[in-house]
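Following: one structure in structure tokens, then a few remarks.
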Amino acid sequence: MTVRVRFAPSPTGIPHIGNTRTALFNWLFAKHHGGKFIVRIEDTDQKRLVPGSREKIMAILDILGLKEDESYRVGGKYGPYIQSQRLDIYQRYARQLIDLGKAYYCFCSPDRLSQVRKDQQKRGQAPKYDRHCLSLSKDEVEKRIKAGEAYVVRLKVPDDVKVSWQDVIQGSITIKTENIDDQVLLKSDGYPTYHLAVVVDDHLMKISHVLRGSEWISSTPKHILLYQAFGWDLPKFGHFPVILGPDKSKLAKRHGAKSVFDYVAEGYLPEALVNFMAFLGWNYKDNSAVLGLNELIKVFDLDKVGKSNPIFDIDKLKYFNKEHIKKLPAEELAKRIKQFLPEDFPVKEESVLIYLARLCQVRMTTLTDFLSLTEFVYPDKKADEKVVKKRIKDPIVIGALVKIKALLENLSEWTPEAIEAEVKKIVEAHSWPKGKVYMGLRVAVLINPVTPPLFESMAVLDRQVVIDRIADVLKLTHEA
RNA sequence: GGCCCCGUCGUCUAGCGGCCUAGGACAUCAGGUUUUCAUCCUGAAGAUCGCGGGUUCGAAUCCCGCCGGGGUCACCA
């Protein structure tokens, strides 16, 4: 069987990490089995439609490298791939269901429906449509439609039937039809509901595996009933566990349900995001393997997707980001960092930027860390008085700084090697306390007690800036 | 509340009746290397396998009950 899976987002906003993971899993599954990944836009709710979100969704796929095989933008032979452009199809199939006696017209007003629900709840019953319109005669239906009355089409759920399926992730699941409502299939505005649209489209688009979040489990029997009503073959169903926040409640904005855009803006690498999301519900070896998309394709499959809900762990994301940053060639790292550099960043030269990137590489958790690590490159930056006074107290260190300053002024070559060799020589010759002196020099020249390697960083600076900074610090310590 | 699902170190998990005095990874802590930080290396702590009953010579693994968590009950997807 050819594997054909789909990612079917509704354009009601920007998908967060959870929805994005569903896309990833589908894509990975398709590619692992040499199948197709289809993107279908489910915009059947015009009220909740957010303009522009369709493009944002595609942009996220692009950022992550999840190329689709069929969609509204790349085409395909099962289009259109936007549900609002398939309205006539759904209406046709809804009618077919009515003719088959598997669905019926319902004229109940929203007010009546909510009243029915309220009464049922008061009686402690599960809210369910009371089938008020089930046995309307053909004539009456026709009359009311002609009269312009608003109607919906409902699925006639058979009584006392057990619907069960072998979920490729969750295992066997059985639900009795007495717990299933006569679901609305066609809304009064002529649009289909999700339930009709997915089933019709998944069938027409020859989807082999319906893989989605487990919030859809309770809807699956409705879909199966629909397939059976149409007499269609069932696809395989698989439901991924939902991602939970650190407090074990549903992942929400406040604990990380941000979008790929947000994480990228915070300095996370798309490949780290992919690697991280892959392990949200799926496992492989010790769950710390640093894997790219291509390696993931090779090892990803549904049998290692778990049933219990994973918790979003930002530390794990940071770990993967660090690892992926470490793996990047310095040139590539520099390129990525560039997007985060402010206008006035003093280093313009490509080679110097790459050099700095290399110095900072193992010290970054996110790309934005580069900024704080390289603060010292701003020529006007001055060491903080408090930091200076805390780190440079020892008179020996102050004396050493005086001598090092003189040495640097007369250095014939301004390279990291030359600086390091000469400074080391003088430090050893005087038997100065190494740690303290280097820290003093570091704070004076690089502003911060936490920095990339001292001499390499120094060499990036103009010699005059270095001299001036040491002079400034000496002045500060003198005043004290 | 009804229905469905889940429950192993803080977190992700391995485990599918004896190899488990429960293994690994992330995070944490300690030590080593190092001019800071980080990297790298070594080590430590951390789980009475949600609880209680069974079944069995033997259970994290099978069965039942309870508890806890999640999902879902729309003319939203």
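Residues in the structure tokens are named by chain (A, B, ... in the order shown) and by number from 1 within that chain; ligands are numbered from 1 in the order shown.
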
Item to check | Polymer residues at most 12 Å from Gly231 in chain A, only C-alpha atoms (C1' of nucleotides), same-chain spacing of 5 or more positions, as a ChimeraX atom specification | outcome: /A:96-97,100,102,199-200,203,224-226

Find the residues around U28 in chain B up to 10 Å (only C-alpha atoms (C1' of nucleotides) counted), leave out those fewer than 4 positions away in its own chain, and share them as a tab-separated table (two decimals) with N, CA and C atoms (P, O5', C5', C4', C3', O3' and C1' of nucleotides), in the first residue's frame.
chain	number	residue	atom	x	y	z
B	10	G	P	11.27	11.76	40.96
B	10	G	O5'	11.30	13.20	40.29
B	10	G	C5'	10.27	14.14	40.59
B	10	G	C4'	10.42	15.30	39.65
B	10	G	C3'	10.31	14.90	38.18
B	10	G	O3'	8.95	14.93	37.77
B	10	G	C1'	12.28	16.17	38.51
B	45	A	P	25.19	7.13	44.67
B	45	A	O5'	24.05	8.22	44.89
B	45	A	C5'	24.04	9.01	46.07
B	45	A	C4'	23.12	10.18	45.88
B	45	A	C3'	21.71	9.81	45.45
B	45	A	O3'	20.91	9.45	46.56
B	45	A	C1'	22.52	11.52	44.06
B	46	G	P	19.98	8.20	46.46
B	46	G	O5'	18.83	8.70	45.50
B	46	G	C5'	18.12	9.90	45.81
B	46	G	C4'	17.40	10.39	44.60
B	46	G	C3'	16.52	9.34	43.93
B	46	G	O3'	15.27	9.25	44.60
B	46	G	C1'	17.79	10.47	42.29

Polymer residues at most 12 Å from Tyr319 in chain A, only C-alpha atoms (C1' of nucleotides), same-chain spacing of 2 or more positions, as a CSV table (one decimal) with N, CA and C atoms (P, O5', C5', C4', C3', O3' and C1' of nucleotides), in the first residue's frame:
chain,number,residue,atom,x,y,z
A,268,TYR,N,16.6,29.7,18.5
A,268,TYR,CA,16.6,28.3,18.4
A,268,TYR,C,16.8,27.9,16.9
A,269,LEU,N,17.5,26.9,16.7
A,269,LEU,CA,17.7,26.4,15.3
A,269,LEU,C,16.5,25.6,14.8
A,272,ALA,N,17.1,22.0,15.5
A,272,ALA,CA,17.0,21.7,16.9
A,272,ALA,C,15.5,21.5,17.3
A,273,LEU,N,14.7,22.4,16.8
A,273,LEU,CA,13.3,22.3,17.0
A,273,LEU,C,12.7,21.0,16.4
A,275,ASN,N,14.5,18.2,15.9
A,275,ASN,CA,15.0,17.1,16.8
A,275,ASN,C,14.2,17.0,18.1
A,276,PHE,N,14.0,18.1,18.7
A,276,PHE,CA,13.2,18.2,19.9
A,276,PHE,C,11.8,17.7,19.8
A,287,ASN,N,17.1,8.8,23.7
A,287,ASN,CA,16.4,10.0,23.5
A,287,ASN,C,17.2,11.3,23.6
A,288,SER,N,18.5,11.1,23.3
A,288,SER,CA,19.3,12.3,23.3
A,288,SER,C,20.1,12.4,22.0
A,289,ALA,N,19.8,11.5,21.0
A,289,ALA,CA,20.5,11.5,19.8
A,289,ALA,C,20.3,12.8,19.0
A,290,VAL,N,21.4,13.3,18.5
A,290,VAL,CA,21.3,14.5,17.7
A,290,VAL,C,21.1,14.1,16.3
A,313,ASP,N,9.6,19.9,27.8
A,313,ASP,CA,10.7,20.2,28.7
A,313,ASP,C,11.7,21.1,28.0
A,314,ILE,N,11.7,22.4,28.4
A,314,ILE,CA,12.5,23.4,27.8
A,314,ILE,C,14.0,23.1,27.9
A,315,ASP,N,14.4,22.4,28.9
A,315,ASP,CA,15.8,22.0,29.1
A,315,ASP,C,16.2,21.1,28.0
A,316,LYS,N,15.3,20.2,27.6
A,316,LYS,CA,15.6,19.3,26.5
A,316,LYS,C,15.8,20.1,25.2
A,317,LEU,N,15.0,21.1,25.0
A,317,LEU,CA,15.1,21.9,23.8
A,317,LEU,C,16.5,22.6,23.8
A,321,ASN,N,19.4,22.4,21.1
A,321,ASN,CA,19.9,23.6,20.4
A,321,ASN,C,21.4,23.7,20.6
A,322,LYS,N,21.9,23.5,21.8
A,322,LYS,CA,23.4,23.5,22.0
A,322,LYS,C,24.1,22.6,21.1
A,323,GLU,N,23.6,21.4,21.1
A,323,GLU,CA,24.2,20.3,20.3
A,323,GLU,C,24.2,20.7,18.8
A,324,HIS,N,23.1,21.2,18.3
A,324,HIS,CA,23.1,21.5,16.9
A,324,HIS,C,23.9,22.7,16.6
A,325,ILE,N,24.0,23.6,17.5
A,325,ILE,CA,24.9,24.8,17.3
A,325,ILE,C,26.4,24.3,17.2
A,326,LYS,N,26.7,23.3,18.1
A,326,LYS,CA,28.1,22.8,18.1
A,326,LYS,C,28.4,22.1,16.8
A,362,VAL,N,30.8,26.9,21.4
A,362,VAL,CA,30.5,25.9,22.4
A,362,VAL,C,29.9,26.6,23.7
A,364,MET,N,27.3,28.8,23.5
A,364,MET,CA,26.0,29.3,23.2
A,364,MET,C,24.9,28.3,23.4
A,365,THR,N,23.8,28.7,24.1
A,365,THR,CA,22.7,27.8,24.1
A,365,THR,C,21.7,28.2,23.0
A,366,THR,N,21.5,29.5,22.9
A,366,THR,CA,20.7,30.0,21.7
A,366,THR,C,21.6,31.0,20.9
B,25,A,P,23.8,7.8,30.2
B,25,A,O5',22.8,8.8,29.5
B,25,A,C5',22.8,9.0,28.1
B,25,A,C4',21.7,9.8,27.7
B,25,A,C3',21.6,11.2,28.4
B,25,A,O3',22.4,12.1,27.8
B,25,A,C1',19.5,10.2,28.4
B,26,C,P,23.0,13.4,28.6
B,26,C,O5',21.7,14.3,28.8
B,26,C,C5',21.2,15.0,27.8
B,26,C,C4',20.0,15.8,28.2
B,26,C,C3',20.3,16.7,29.4
B,26,C,O3',20.8,17.9,29.0
B,26,C,C1',18.3,15.5,29.8
B,27,A,P,21.9,18.7,30.0
B,27,A,O5',20.9,19.0,31.3
B,27,A,C5',20.0,20.0,31.3
B,27,A,C4',19.2,20.0,32.6
B,27,A,C3',20.0,20.1,33.8
B,27,A,O3',20.4,21.5,34.1
B,27,A,C1',18.5,18.4,34.1

Checklist entry - Got a sec to pull out which chain B residues are within 7 Å of chain A, counting only C-alpha atoms (C1' of nucleotides), and send them as a PyMOL selection string? => result chain B and resi 1-4+6+11-12+24-27+35-39+71-72+75+77

Next on the checklist: Taking the DSSP secondary structure from the backbone, can you list the residues of range 112-354 of chain A that are strand (DSSP E), as a list of chain:residue names?
Outcome noted: A:Val152, A:Val153, A:Arg154, A:Leu155, A:Lys162, A:Val163, A:Ser164, A:Trp165, A:Gln166, A:Asp167, A:Gly171, A:Ser172, A:Ile173, A:Thr174, A:Ile175, A:Lys176, A:Val184, A:Leu185, A:Leu186, A:His209, A:Val210, A:Leu211, A:Arg212, A:Gly213, A:Lys236, A:Phe237, A:Gly238, A:His239, A:Phe240

Checklist entry - Which residues come within 12 Å of range 65-68 of chain B, counting only C-alpha atoms (C1' of nucleotides), excluding same-chain residues fewer than 4 positions away, as a PyMOL selection string? => result (chain A and resi 248) or (chain B and resi 6-7+50-54)

Checklist entry - Among range 4-154 of chain A, which ones does DSSP place in alpha helix (DSSP H), written as number ranges by chain? => result A: 17-32, 53-64, 87-99, 110-122, 138-146

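The coordinates place CA of Ala197 in chain A at 7.4 Å from CA of Gln83 in chain A.
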
Next on the checklist: When you look at C20 in chain B with a cut-off of 12 Å (counting only C-alpha atoms (C1' of nucleotides)), what residues show up, excluding the ones that are within fewer than 2 positions of it in the same chain? I need them as a VMD selection string.
Outcome noted: chain B and resid 8 14 to 15 18 22 to 23 49 59 to 61

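One finds CA of Tyr105 in chain A at 13.8 Å from CA of Tyr93 in chain A.
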